[in-house]
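For reference, run-v6.cif (mmCIF, C-alpha atoms (C1' of nucleotides)):
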```
data_final
#
loop_
_atom_site.label_atom_id
_atom_site.label_comp_id
_atom_site.auth_asym_id
_atom_site.auth_seq_id
_atom_site.Cartn_x
_atom_site.Cartn_y
_atom_site.Cartn_z
CA MET A 260 80.24 -317.63 86.77
CA GLY A 261 83.33 -317.39 88.98
CA SER A 262 83.62 -314.26 91.04
CA ALA A 263 87.02 -312.85 91.88
CA THR A 264 85.44 -310.93 94.72
CA LEU A 265 83.96 -314.00 96.31
CA ASP A 266 87.10 -316.01 95.76
CA ARG A 267 89.12 -313.66 97.91
CA LEU A 268 86.88 -314.30 100.90
CA THR A 269 87.01 -317.06 103.46
CA PRO A 270 84.48 -319.84 102.85
CA ARG A 271 82.27 -318.62 105.65
CA ALA A 272 82.34 -315.02 104.46
CA ARG A 273 81.53 -316.25 100.98
CA GLU A 274 78.54 -318.07 102.33
CA ILE A 275 77.41 -314.94 104.13
CA VAL A 276 77.65 -312.77 101.03
CA ARG A 277 75.81 -315.35 98.99
CA THR A 278 73.05 -315.60 101.54
CA ALA A 279 72.84 -311.83 101.72
CA ALA A 280 72.37 -311.70 97.95
CA GLU A 281 69.56 -314.24 98.10
CA LEU A 282 67.91 -312.42 100.97
CA LEU A 283 68.12 -309.08 99.21
CA GLU A 284 66.68 -310.39 96.00
CA GLY A 285 64.15 -312.72 97.52
CA GLU A 286 62.73 -310.61 100.31
CA GLY A 287 63.60 -307.07 99.43
CA PRO A 288 65.99 -304.43 100.70
CA GLU A 289 64.51 -304.23 104.19
CA ALA A 290 65.42 -307.89 104.64
CA LEU A 291 69.07 -307.03 104.34
CA SER A 292 69.66 -306.42 108.03
CA MET A 293 72.33 -308.06 110.12
CA ARG A 294 69.70 -309.67 112.29
CA ARG A 295 67.76 -311.17 109.43
CA LEU A 296 70.89 -312.21 107.64
CA GLY A 297 72.06 -313.99 110.76
CA ALA A 298 68.70 -315.67 111.10
CA ALA A 299 68.87 -316.87 107.50
CA LEU A 300 72.22 -318.47 108.32
CA GLY A 301 71.09 -319.89 111.64
CA ILE A 302 73.37 -317.69 113.75
CA ARG A 303 73.09 -314.45 115.70
CA ALA A 304 73.73 -311.10 114.09
CA SER A 305 76.66 -310.50 116.40
CA SER A 306 78.41 -313.58 115.04
CA LEU A 307 78.50 -312.08 111.57
CA TYR A 308 81.02 -309.52 112.68
CA GLU A 309 83.59 -312.26 113.00
CA HIS A 310 83.48 -312.61 109.21
CA VAL A 311 82.40 -309.25 107.89
CA ARG A 312 83.74 -305.90 109.01
CA ASP A 313 80.39 -304.15 109.04
CA LYS A 314 77.28 -303.70 106.99
CA GLN A 315 78.91 -301.29 104.58
CA ALA A 316 81.56 -303.83 103.72
CA LEU A 317 78.89 -306.43 103.14
CA GLU A 318 77.04 -304.15 100.76
CA ALA A 319 80.27 -303.31 98.98
CA ALA A 320 80.85 -307.01 98.43
CA LEU A 321 77.36 -307.42 97.03
CA ILE A 322 77.91 -304.51 94.69
CA SER A 323 81.27 -305.86 93.54
CA VAL A 324 79.75 -309.22 92.73
CA GLY A 325 76.95 -307.43 90.92
CA PHE A 326 79.39 -305.56 88.72
CA GLU A 327 81.21 -308.77 87.94
CA GLU A 328 78.06 -310.49 86.85
CA GLN A 329 76.96 -307.47 84.87
CA ALA A 330 80.30 -307.24 83.10
CA GLU A 331 80.00 -310.86 82.15
CA VAL A 332 76.51 -310.75 80.71
CA LEU A 333 77.12 -307.52 78.86
CA ALA A 334 80.35 -308.74 77.33
CA ALA A 335 78.70 -311.97 76.26
CA ALA A 336 75.78 -310.11 74.69
CA ALA A 337 77.92 -307.69 72.71
CA ASP A 338 80.36 -310.32 71.58
CA GLY A 339 79.97 -310.71 67.85
CA ALA A 340 76.52 -309.16 67.82
CA ALA A 341 75.39 -307.61 64.56
CA GLU A 342 73.87 -304.71 66.50
CA PRO A 343 75.94 -304.36 69.64
CA ILE A 344 73.93 -301.51 71.16
CA ALA A 345 70.68 -303.40 70.71
CA ALA A 346 72.24 -306.48 72.25
CA LEU A 347 73.57 -304.47 75.18
CA PHE A 348 70.18 -302.90 75.78
CA ALA A 349 68.54 -306.29 75.97
CA ALA A 350 71.19 -307.70 78.28
CA TYR A 351 71.18 -304.63 80.47
CA ARG A 352 67.43 -304.74 80.90
CA ASP A 353 67.51 -308.45 81.51
CA PHE A 354 70.11 -308.14 84.25
CA ALA A 355 68.12 -305.42 86.01
CA ARG A 356 64.93 -307.44 85.88
CA ARG A 357 66.61 -310.55 87.18
CA ARG A 358 68.27 -308.72 90.06
CA PRO A 359 66.12 -305.66 90.65
CA ASN A 360 67.14 -305.12 94.26
CA LEU A 361 70.79 -305.63 93.56
CA TYR A 362 70.50 -303.28 90.62
CA ARG A 363 68.99 -300.63 92.89
CA LEU A 364 71.72 -301.18 95.45
CA MET A 365 74.27 -300.66 92.68
CA THR A 366 72.76 -297.43 91.41
CA GLU A 367 70.76 -295.55 93.97
CA ARG A 368 73.57 -294.30 96.15
CA PRO A 369 77.05 -292.96 95.59
CA LEU A 370 79.37 -295.87 94.94
CA PRO A 371 81.65 -296.79 97.84
CA ARG A 372 84.47 -296.93 95.35
CA GLU A 373 87.29 -297.46 97.86
CA GLN A 374 85.58 -300.54 99.21
CA LEU A 375 84.83 -302.16 95.87
CA ALA A 376 86.97 -304.83 94.38
CA PRO A 377 89.41 -302.99 92.11
CA GLY A 378 88.38 -302.67 88.51
CA VAL A 379 84.88 -304.08 88.71
CA GLU A 380 83.15 -300.82 87.95
CA ALA A 381 85.31 -300.18 84.92
CA ALA A 382 84.93 -303.77 83.70
CA ALA A 383 81.16 -303.43 83.64
CA ALA A 384 81.50 -300.34 81.46
CA VAL A 385 83.86 -301.89 78.93
CA PRO A 386 81.34 -303.49 76.58
CA LEU A 387 79.44 -300.25 76.06
CA VAL A 388 82.55 -298.15 75.63
CA ARG A 389 83.74 -300.65 73.06
CA ALA A 390 80.41 -300.47 71.26
CA THR A 391 80.75 -296.71 70.98
CA ALA A 392 84.30 -297.03 69.72
CA GLY A 393 85.60 -295.23 72.76
CA ASP A 394 83.27 -292.23 72.58
CA GLN A 395 82.69 -291.73 76.30
CA GLU A 396 80.08 -289.01 75.94
CA ARG A 397 78.02 -291.17 73.68
CA ALA A 398 78.51 -294.15 75.98
CA ARG A 399 77.30 -292.13 78.96
CA ALA A 400 74.29 -290.80 77.11
CA ILE A 401 73.33 -294.30 76.06
CA TRP A 402 73.87 -295.57 79.59
CA SER A 403 71.65 -292.81 80.96
CA PHE A 404 68.87 -293.76 78.61
CA ALA A 405 69.19 -297.43 79.50
CA HIS A 406 69.35 -296.74 83.21
CA GLY A 407 66.36 -294.42 83.00
CA MET A 408 64.32 -297.04 81.16
CA VAL A 409 65.28 -299.76 83.56
CA ILE A 410 64.86 -297.92 86.80
CA LEU A 411 61.59 -296.28 85.83
CA GLU A 412 60.32 -299.72 84.89
CA LEU A 413 61.52 -301.29 88.14
CA ASN A 414 60.02 -298.46 90.13
CA GLY A 415 56.67 -298.76 88.44
CA ARG A 416 56.81 -295.24 87.12
CA PHE A 417 55.57 -295.78 83.58
CA PRO A 418 51.82 -295.70 83.01
CA PRO A 419 50.25 -299.14 83.35
CA GLY A 420 49.69 -299.77 79.66
CA ALA A 421 52.98 -298.39 78.32
CA ASP A 422 54.63 -300.34 75.51
CA LEU A 423 58.19 -300.38 76.80
CA ASP A 424 59.58 -302.49 73.99
CA ALA A 425 58.51 -299.78 71.59
CA THR A 426 60.13 -297.16 73.80
CA TRP A 427 63.41 -299.08 73.86
CA ARG A 428 63.31 -299.23 70.06
CA LYS A 429 62.83 -295.47 69.91
CA GLY A 430 65.89 -294.99 72.05
CA LEU A 431 67.89 -297.45 70.02
CA ALA A 432 66.96 -295.66 66.82
CA ALA A 433 67.91 -292.31 68.31
CA PHE A 434 71.32 -293.46 69.44
CA THR A 435 72.25 -295.51 66.40
CA ALA A 436 71.06 -293.09 63.74
CA MET B 175 53.58 -270.46 92.67
CA GLY B 176 50.11 -271.35 94.02
CA SER B 177 49.58 -275.00 94.76
CA ALA B 178 46.13 -276.49 94.35
CA THR B 179 47.21 -279.34 96.59
CA LEU B 180 48.23 -277.06 99.43
CA ASP B 181 45.17 -274.87 99.00
CA ARG B 182 42.86 -277.75 99.77
CA LEU B 183 44.47 -278.28 103.18
CA THR B 184 43.75 -276.59 106.46
CA PRO B 185 46.25 -273.88 107.37
CA ARG B 186 47.92 -276.08 109.94
CA ALA B 187 48.21 -279.01 107.55
CA ARG B 188 49.62 -276.68 104.95
CA GLU B 189 52.23 -275.56 107.42
CA ILE B 190 53.09 -279.15 108.18
CA VAL B 191 53.54 -280.07 104.54
CA ARG B 192 55.63 -277.00 103.93
CA THR B 193 57.85 -277.76 106.90
CA ALA B 194 58.16 -281.36 105.77
CA ALA B 195 59.36 -280.18 102.38
CA GLU B 196 61.98 -277.95 103.95
CA LEU B 197 63.11 -280.70 106.25
CA LEU B 198 63.37 -283.21 103.42
CA GLU B 199 65.37 -280.91 101.24
CA GLY B 200 67.45 -279.33 103.93
CA GLU B 201 68.39 -282.33 106.02
CA GLY B 202 67.84 -285.32 103.82
CA PRO B 203 65.36 -288.16 103.58
CA GLU B 204 66.13 -289.61 106.99
CA ALA B 205 65.03 -286.31 108.52
CA LEU B 206 61.53 -286.88 107.21
CA SER B 207 60.26 -288.72 110.27
CA MET B 208 57.19 -287.86 112.26
CA ARG B 209 59.31 -287.19 115.32
CA ARG B 210 61.68 -284.83 113.59
CA LEU B 211 58.91 -283.14 111.70
CA GLY B 212 57.10 -282.54 114.96
CA ALA B 213 60.28 -281.19 116.51
CA ALA B 214 60.76 -278.80 113.61
CA LEU B 215 57.27 -277.47 114.28
CA GLY B 216 57.70 -277.36 118.02
CA ILE B 217 55.13 -280.06 118.74
CA ARG B 218 55.15 -283.80 119.44
CA ALA B 219 54.96 -286.34 116.67
CA SER B 220 51.67 -287.63 118.01
CA SER B 221 50.09 -284.21 117.53
CA LEU B 222 50.72 -284.37 113.79
CA TYR B 223 48.11 -287.07 113.43
CA GLU B 224 45.42 -284.53 114.21
CA HIS B 225 46.25 -282.90 110.87
CA VAL B 226 47.68 -285.60 108.67
CA ARG B 227 46.25 -289.07 108.26
CA ASP B 228 49.61 -290.85 108.33
CA LYS B 229 53.07 -290.64 106.87
CA GLN B 230 52.03 -292.02 103.50
CA ALA B 231 49.51 -289.24 103.11
CA LEU B 232 52.15 -286.70 104.00
CA GLU B 233 54.51 -288.07 101.38
CA ALA B 234 51.73 -288.13 98.82
CA ALA B 235 51.13 -284.45 99.51
CA LEU B 236 54.81 -283.69 99.05
CA ILE B 237 54.84 -285.58 95.77
CA SER B 238 51.71 -283.81 94.53
CA VAL B 239 53.23 -280.42 95.28
CA GLY B 240 56.40 -281.56 93.55
CA PHE B 241 54.51 -282.44 90.39
CA GLU B 242 52.75 -279.11 90.45
CA GLU B 243 56.00 -277.23 90.68
CA GLN B 244 57.58 -279.40 88.02
CA ALA B 245 54.65 -278.88 85.66
CA GLU B 246 55.00 -275.16 86.13
CA VAL B 247 58.70 -274.88 85.46
CA LEU B 248 58.60 -277.25 82.51
CA ALA B 249 55.69 -275.46 80.90
CA ALA B 250 57.39 -272.12 81.38
CA ALA B 251 60.62 -273.41 79.86
CA ALA B 252 59.02 -274.92 76.79
CA ASP B 253 56.75 -271.95 76.18
CA GLY B 254 57.86 -270.28 73.00
CA ALA B 255 61.30 -271.85 73.11
CA ALA B 256 63.12 -272.19 69.80
CA GLU B 257 64.33 -275.64 70.86
CA PRO B 258 61.69 -276.99 73.19
CA ILE B 259 63.47 -280.24 73.98
CA ALA B 260 66.66 -278.45 74.87
CA ALA B 261 64.72 -276.05 77.05
CA LEU B 262 62.91 -278.91 78.76
CA PHE B 263 66.19 -280.71 79.44
CA ALA B 264 67.63 -277.66 81.12
CA ALA B 265 64.52 -277.06 83.21
CA TYR B 266 64.21 -280.71 84.15
CA ARG B 267 67.80 -280.88 85.31
CA ASP B 268 67.46 -277.63 87.15
CA PHE B 269 64.39 -278.80 89.04
CA ALA B 270 66.09 -282.03 90.08
CA ARG B 271 69.17 -280.19 91.31
CA ARG B 272 67.15 -277.67 93.24
CA ARG B 273 65.04 -280.34 94.90
CA PRO B 274 67.13 -283.50 94.81
CA ASN B 275 65.46 -285.23 97.73
CA LEU B 276 61.99 -284.38 96.54
CA TYR B 277 62.95 -285.56 93.08
CA ARG B 278 64.07 -288.87 94.53
CA LEU B 279 60.89 -289.18 96.53
CA MET B 280 58.95 -288.61 93.30
CA THR B 281 60.78 -291.24 91.30
CA GLU B 282 62.30 -293.97 93.38
CA ARG B 283 59.19 -295.80 94.39
CA PRO B 284 55.94 -296.73 92.71
CA LEU B 285 53.67 -293.71 92.70
CA PRO B 286 50.82 -293.78 95.22
CA ARG B 287 48.54 -292.66 92.42
CA GLU B 288 45.28 -292.93 94.36
CA GLN B 289 46.59 -290.60 97.02
CA LEU B 290 47.93 -287.94 94.69
CA ALA B 291 45.99 -284.84 93.83
CA PRO B 292 44.14 -285.70 90.62
CA GLY B 293 45.86 -284.75 87.42
CA VAL B 294 49.19 -283.63 88.78
CA GLU B 295 51.17 -286.49 87.27
CA ALA B 296 49.66 -285.93 83.85
CA ALA B 297 50.14 -282.17 84.07
CA ALA B 298 53.85 -282.60 84.64
CA ALA B 299 54.07 -284.72 81.49
CA VAL B 300 52.19 -282.28 79.26
CA PRO B 301 55.08 -280.06 78.17
CA LEU B 302 57.16 -282.97 76.93
CA VAL B 303 54.26 -284.67 75.20
CA ARG B 304 53.51 -281.38 73.48
CA ALA B 305 57.15 -281.04 72.44
CA THR B 306 57.00 -284.46 70.79
CA ALA B 307 53.75 -283.58 69.05
CA GLY B 308 51.94 -286.29 70.93
CA ASP B 309 54.38 -289.10 70.19
CA GLN B 310 54.24 -290.89 73.53
CA GLU B 311 56.96 -293.41 72.77
CA ARG B 312 59.33 -290.67 71.88
CA ALA B 313 58.31 -288.67 74.92
CA ARG B 314 58.97 -291.65 77.18
CA ALA B 315 62.34 -292.37 75.60
CA ILE B 316 63.37 -288.75 76.07
CA TRP B 317 62.09 -288.78 79.62
CA SER B 318 64.10 -291.91 80.35
CA PHE B 319 67.25 -290.31 79.08
CA ALA B 320 66.62 -287.18 81.13
CA HIS B 321 65.77 -289.12 84.24
CA GLY B 322 68.81 -291.33 83.81
CA MET B 323 71.09 -288.32 83.45
CA VAL B 324 69.58 -286.56 86.41
CA ILE B 325 69.41 -289.43 88.83
CA LEU B 326 72.87 -290.75 88.01
CA GLU B 327 74.17 -287.25 88.61
CA LEU B 328 72.30 -286.88 91.90
CA ASN B 329 73.48 -290.27 93.01
CA GLY B 330 77.08 -289.52 92.23
CA ARG B 331 77.34 -292.33 89.74
CA PHE B 332 79.24 -290.63 86.95
CA PRO B 333 83.02 -290.66 87.13
CA PRO B 334 84.38 -287.62 88.97
CA GLY B 335 85.62 -285.76 85.92
CA ALA B 336 82.71 -286.45 83.57
CA ASP B 337 81.57 -283.57 81.36
CA LEU B 338 77.84 -283.87 81.85
CA ASP B 339 76.95 -280.86 79.75
CA ALA B 340 78.56 -282.60 76.82
CA THR B 341 76.63 -285.75 77.59
CA TRP B 342 73.34 -283.85 77.67
CA ARG B 343 74.18 -282.38 74.28
CA LYS B 344 74.81 -285.86 72.90
CA GLY B 345 71.41 -286.96 74.09
CA LEU B 346 69.76 -283.87 72.71
CA ALA B 347 71.36 -284.46 69.35
CA ALA B 348 70.26 -288.07 69.32
CA PHE B 349 66.65 -287.29 70.11
CA THR B 350 66.28 -284.27 67.85
CA ALA B 351 68.03 -285.62 64.79
"C1'" DG C 8 45.16 -278.99 119.46
"C1'" DT C 9 48.61 -280.68 122.11
"C1'" DC C 10 50.26 -283.36 125.65
"C1'" DT C 11 52.22 -287.73 128.13
"C1'" DA C 12 52.59 -292.34 128.12
"C1'" DT C 13 52.87 -296.16 125.82
"C1'" DA C 14 52.59 -299.97 122.59
"C1'" DC C 15 54.79 -302.02 119.07
"C1'" DC C 16 58.31 -302.51 115.65
"C1'" DC C 17 62.98 -302.10 113.72
"C1'" DG C 18 68.20 -301.12 113.14
"C1'" DG C 19 73.95 -301.51 113.90
"C1'" DA C 20 77.33 -302.70 116.78
"C1'" DT C 21 80.37 -304.21 120.98
"C1'" DA C 22 82.00 -306.75 125.38
"C1'" DG C 23 82.98 -310.67 127.42
"C1'" DA C 24 81.79 -315.63 128.39
"C1'" DC C 25 82.16 -320.17 126.54
"C1'" DG D 147 83.06 -319.15 115.98
"C1'" DT D 148 79.11 -318.40 118.33
"C1'" DC D 149 76.71 -317.06 122.19
"C1'" DT D 150 74.08 -313.81 125.62
"C1'" DA D 151 73.52 -309.43 127.18
"C1'" DT D 152 73.54 -304.98 126.30
"C1'" DC D 153 74.11 -300.30 124.49
"C1'" DC D 154 72.84 -297.07 121.54
"C1'" DG D 155 69.80 -295.32 118.11
"C1'" DG D 156 65.64 -295.02 115.30
"C1'" DG D 157 60.68 -295.40 113.64
"C1'" DT D 158 54.82 -295.25 113.24
"C1'" DA D 159 50.94 -294.93 115.61
"C1'" DT D 160 47.09 -294.88 119.35
"C1'" DA D 161 44.69 -293.89 123.97
"C1'" DG D 162 43.31 -290.86 127.07
"C1'" DA D 163 44.17 -286.62 129.85
"C1'" DC D 164 44.11 -281.67 129.71
#
```

Step by step, read the file and then write its structure as structure tokens.
Amino acid sequence: MGSATLDRLTPRAREIVRTAAELLEGEGPEALSMRRLGAALGIRASSLYEHVRDKQALEAALISVGFEEQAEVLAAAADGAAEPIAALFAAYRDFARRRPNLYRLMTERPLPREQLAPGVEAAAAVPLVRATAGDQERARAIWSFAHGMVILELNGRFPPGADLDATWRKGLAAFTA
Amino acid sequence: MGSATLDRLTPRAREIVRTAAELLEGEGPEALSMRRLGAALGIRASSLYEHVRDKQALEAALISVGFEEQAEVLAAAADGAAEPIAALFAAYRDFARRRPNLYRLMTERPLPREQLAPGVEAAAAVPLVRATAGDQERARAIWSFAHGMVILELNGRFPPGADLDATWRKGLAAFTA
DNA sequence: GTCTATACCCGGATAGAC
DNA sequence: GTCTATCCGGGTATAGAC
């Protein structure tokens, strides 16, 4: 539950990032504006700049925290699982459904890698790379399938009646054959 | 090359949609505003509303045309191919790279299905469903992999040195085993 | 069919007072 | 640390004149 990213911030900045995360998830991406974030905290947007460099830095913090949480849930899922890939799929999907807007923020633009907390991106990838015994190509192919499933689901792109559990099983079978 | 969607529009509306497509692809999604579209056509934004209901309708037209083009290139690729799935992968990736911003427009939000030209979404899916002999679960799993590969590439989410051709081959092997 | 003018909304960010 | 005031930018859309 602890976040190294949050821990390196001042208490007030921590509060801001936390509130931003709630705003993003609770009211959608358009709610993540400096004005609305200020309002949610009971201060003016201009006051935020005392604690946060700019909006980019705020988003980078959100993304870093997202990677930390993702790393945690994925590692926990794979740990000692009889079928690690299946367990990772379930945990990956679960994370994306619990934090759909954060998940989009983390995936739909180029990563601001220089602004992220060091190592968080790699840490989130570790469980899958482990599960493929270090085969990076296979790990990336599996990740692409999982991301495709997740993002198409979040974006409402599958036909209304689609049986996604069955589709996940198809993918699992393909990649573990 | 003919587009049923465009053919049903007045000449001026057709011109508008065409220009919008060029603007979107050439200058990015933020360029797709009524003001900038008007400017590209040499008229005021307000004049566009004589020809296009609103921005949603314009985007729906762009998406419909996108599906038509996609259906065409996918069908052509699969036609008589020795390895239809491999051919579809290549054509799918090629389409997304040629029209990255249109591809994003087509996939990153829920489809405005009521506003699309009838049948275009289904038509784009036909080649893949054929290639899986009607197995919809398999078709969806393959689509998810392809979409994941494509969108993660477009969004710059793979590590800088990643060998994506190799990753595509891994996915192909998994789904055609 | 296009114009001007306008209504409304939103955004990020800074200067300088307190 | 927060404020007000302000600067800049952007957007969709309508009314009414020509």

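The part of chain A that reaches within 9 Å of chain D is made up of Ile302, Arg303, Ser305, Ser306 and Glu309 of chain A, counting only C-alpha atoms (C1' of nucleotides).
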
The selected residues should be written to file as a PDB file, in the coordinates of the input (atoms: C-alpha atoms).
```pdb
ATOM      1  CA  ILE A 302      73.370-317.690 113.750  1.00  0.00           C
ATOM      2  CA  ARG A 303      73.090-314.450 115.700  1.00  0.00           C
ATOM      3  CA  SER A 305      76.660-310.500 116.400  1.00  0.00           C
ATOM      4  CA  SER A 306      78.410-313.580 115.040  1.00  0.00           C
ATOM      5  CA  GLU A 309      83.590-312.260 113.000  1.00  0.00           C
TER       6      GLU A 309
END
```

Checklist entry - Which residues, written as a list in words, have at least one atom at most 12 Å from Glu189 in chain B, with all atoms listed in the file counted and residues fewer than 6 positions away on the same chain left out? => result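 Once the nearby chain positions are removed, what remains is Leu180, Asp181, Leu183, Ala195, Glu196, Leu211, Gly212, Ala214, Leu215, Leu222, His225, Val226, Leu232, Ala235 and Leu236 of chain B.
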
Expected file: the selected residues, C-alpha atoms, as an mmCIF file, in the coordinates of the input:
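Final file, part.cif:
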```cif
data_model
loop_
_atom_site.group_PDB
_atom_site.id
_atom_site.type_symbol
_atom_site.label_atom_id
_atom_site.label_comp_id
_atom_site.auth_asym_id
_atom_site.auth_seq_id
_atom_site.Cartn_x
_atom_site.Cartn_y
_atom_site.Cartn_z
ATOM 1 C CA LEU B 180 48.230 -277.060 99.430
ATOM 2 C CA ASP B 181 45.170 -274.870 99.000
ATOM 3 C CA LEU B 183 44.470 -278.280 103.180
ATOM 4 C CA ALA B 195 59.360 -280.180 102.380
ATOM 5 C CA GLU B 196 61.980 -277.950 103.950
ATOM 6 C CA LEU B 211 58.910 -283.140 111.700
ATOM 7 C CA GLY B 212 57.100 -282.540 114.960
ATOM 8 C CA ALA B 214 60.760 -278.800 113.610
ATOM 9 C CA LEU B 215 57.270 -277.470 114.280
ATOM 10 C CA LEU B 222 50.720 -284.370 113.790
ATOM 11 C CA HIS B 225 46.250 -282.900 110.870
ATOM 12 C CA VAL B 226 47.680 -285.600 108.670
ATOM 13 C CA LEU B 232 52.150 -286.700 104.000
ATOM 14 C CA ALA B 235 51.130 -284.450 99.510
ATOM 15 C CA LEU B 236 54.810 -283.690 99.050
#
```

Item to check | Picked residues, the PyMOL selection byres ((chain C) within 12 of (chain A)), as a list in words | outcome: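 Checking the PyMOL selection byres ((chain C) within 12 of (chain A)) against this file, the residues are DC17, DG18, DG19, DA20, DT21 and DA22 of chain C.
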
Next on the checklist: So the first atom is CA of Arg312 in chain A and the second is CA of Gly285 in chain A; what is the distance between them in Å, to one decimal place?
Outcome noted: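 Answer for the CA of Arg312 in chain A to CA of Gly285 in chain A separation: 23.7 Å.
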
Item to check | Hits from the PyMOL selection byres ((chain A) within 10 of (chain B)), listed as a VMD selection string | outcome: chain A and resid 363 365 to 370 395 to 417 421 to 436

Emit the selected residues as a CSV table (one decimal), in the coordinates of the input, including C-alpha atoms.
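Saved as result_5.csv:
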```csv
chain,number,residue,atom,x,y,z
A,363,ARG,CA,69.0,-300.6,92.9
A,365,MET,CA,74.3,-300.7,92.7
A,366,THR,CA,72.8,-297.4,91.4
A,367,GLU,CA,70.8,-295.6,94.0
A,368,ARG,CA,73.6,-294.3,96.2
A,369,PRO,CA,77.0,-293.0,95.6
A,370,LEU,CA,79.4,-295.9,94.9
A,395,GLN,CA,82.7,-291.7,76.3
A,396,GLU,CA,80.1,-289.0,75.9
A,397,ARG,CA,78.0,-291.2,73.7
A,398,ALA,CA,78.5,-294.2,76.0
A,399,ARG,CA,77.3,-292.1,79.0
A,400,ALA,CA,74.3,-290.8,77.1
A,401,ILE,CA,73.3,-294.3,76.1
A,402,TRP,CA,73.9,-295.6,79.6
A,403,SER,CA,71.6,-292.8,81.0
A,404,PHE,CA,68.9,-293.8,78.6
A,405,ALA,CA,69.2,-297.4,79.5
A,406,HIS,CA,69.4,-296.7,83.2
A,407,GLY,CA,66.4,-294.4,83.0
A,408,MET,CA,64.3,-297.0,81.2
A,409,VAL,CA,65.3,-299.8,83.6
A,410,ILE,CA,64.9,-297.9,86.8
A,411,LEU,CA,61.6,-296.3,85.8
A,412,GLU,CA,60.3,-299.7,84.9
A,413,LEU,CA,61.5,-301.3,88.1
A,414,ASN,CA,60.0,-298.5,90.1
A,415,GLY,CA,56.7,-298.8,88.4
A,416,ARG,CA,56.8,-295.2,87.1
A,417,PHE,CA,55.6,-295.8,83.6
A,421,ALA,CA,53.0,-298.4,78.3
A,422,ASP,CA,54.6,-300.3,75.5
A,423,LEU,CA,58.2,-300.4,76.8
A,424,ASP,CA,59.6,-302.5,74.0
A,425,ALA,CA,58.5,-299.8,71.6
A,426,THR,CA,60.1,-297.2,73.8
A,427,TRP,CA,63.4,-299.1,73.9
A,428,ARG,CA,63.3,-299.2,70.1
A,429,LYS,CA,62.8,-295.5,69.9
A,430,GLY,CA,65.9,-295.0,72.0
A,431,LEU,CA,67.9,-297.4,70.0
A,432,ALA,CA,67.0,-295.7,66.8
A,433,ALA,CA,67.9,-292.3,68.3
A,434,PHE,CA,71.3,-293.5,69.4
A,435,THR,CA,72.2,-295.5,66.4
A,436,ALA,CA,71.1,-293.1,63.7
```

Next on the checklist: For the provided coordinates, the residues matched by the PyMOL selection byres ((chain A and resi 337-354) around 7) should be stated as a ChimeraX atom specification.
Outcome noted: /A:329,332-336,355-358,386,390,405,409,431

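The interatomic distance for the pair C1' of DC15 in chain C and CA of Gly216 in chain B works out to 24.9 Å.
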
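As for CA of Arg273 in chain A and CA of Val324 in chain A, they are spaced 11.0 Å apart.
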
Checklist entry - With distances taken over all atoms listed in the file, which of B:Ala213, B:Ile237, B:Leu198, B:Ala307 is nearest to Pro274 in chain B? => result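 Counting all atoms listed in the file, the residue closest to Pro274 in chain B is B:Leu198.
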
Mind completing range 418-428 of chain A with N, CA and C atoms? Output as a compact mmCIF listing (two decimals), in the coordinates of the input, please?
```txt
# COMPACT_ATOMS: atom_id res chain seq x y z
N PRO A 418 53.26 -295.43 82.92
CA PRO A 418 51.82 -295.70 83.01
C PRO A 418 51.57 -297.18 82.77
N PRO A 419 50.56 -297.71 83.42
CA PRO A 419 50.25 -299.14 83.35
C PRO A 419 50.31 -299.75 81.95
N GLY A 420 49.76 -299.11 80.96
CA GLY A 420 49.69 -299.77 79.66
C GLY A 420 50.87 -299.50 78.74
N ALA A 421 51.90 -298.84 79.21
CA ALA A 421 52.98 -298.39 78.32
C ALA A 421 53.67 -299.56 77.59
N ASP A 422 53.95 -299.33 76.32
CA ASP A 422 54.63 -300.34 75.51
C ASP A 422 56.14 -300.08 75.57
N LEU A 423 56.78 -300.69 76.55
CA LEU A 423 58.19 -300.38 76.80
C LEU A 423 59.11 -300.90 75.71
N ASP A 424 58.74 -302.01 75.09
CA ASP A 424 59.58 -302.49 73.99
C ASP A 424 59.66 -301.44 72.88
N ALA A 425 58.52 -300.83 72.61
CA ALA A 425 58.51 -299.78 71.59
C ALA A 425 59.37 -298.60 72.02
N THR A 426 59.33 -298.29 73.30
CA THR A 426 60.13 -297.16 73.80
C THR A 426 61.62 -297.46 73.69
N TRP A 427 62.00 -298.70 74.03
CA TRP A 427 63.41 -299.08 73.86
C TRP A 427 63.83 -298.94 72.39
N ARG A 428 62.97 -299.33 71.48
CA ARG A 428 63.31 -299.23 70.06
C ARG A 428 63.51 -297.77 69.64
```
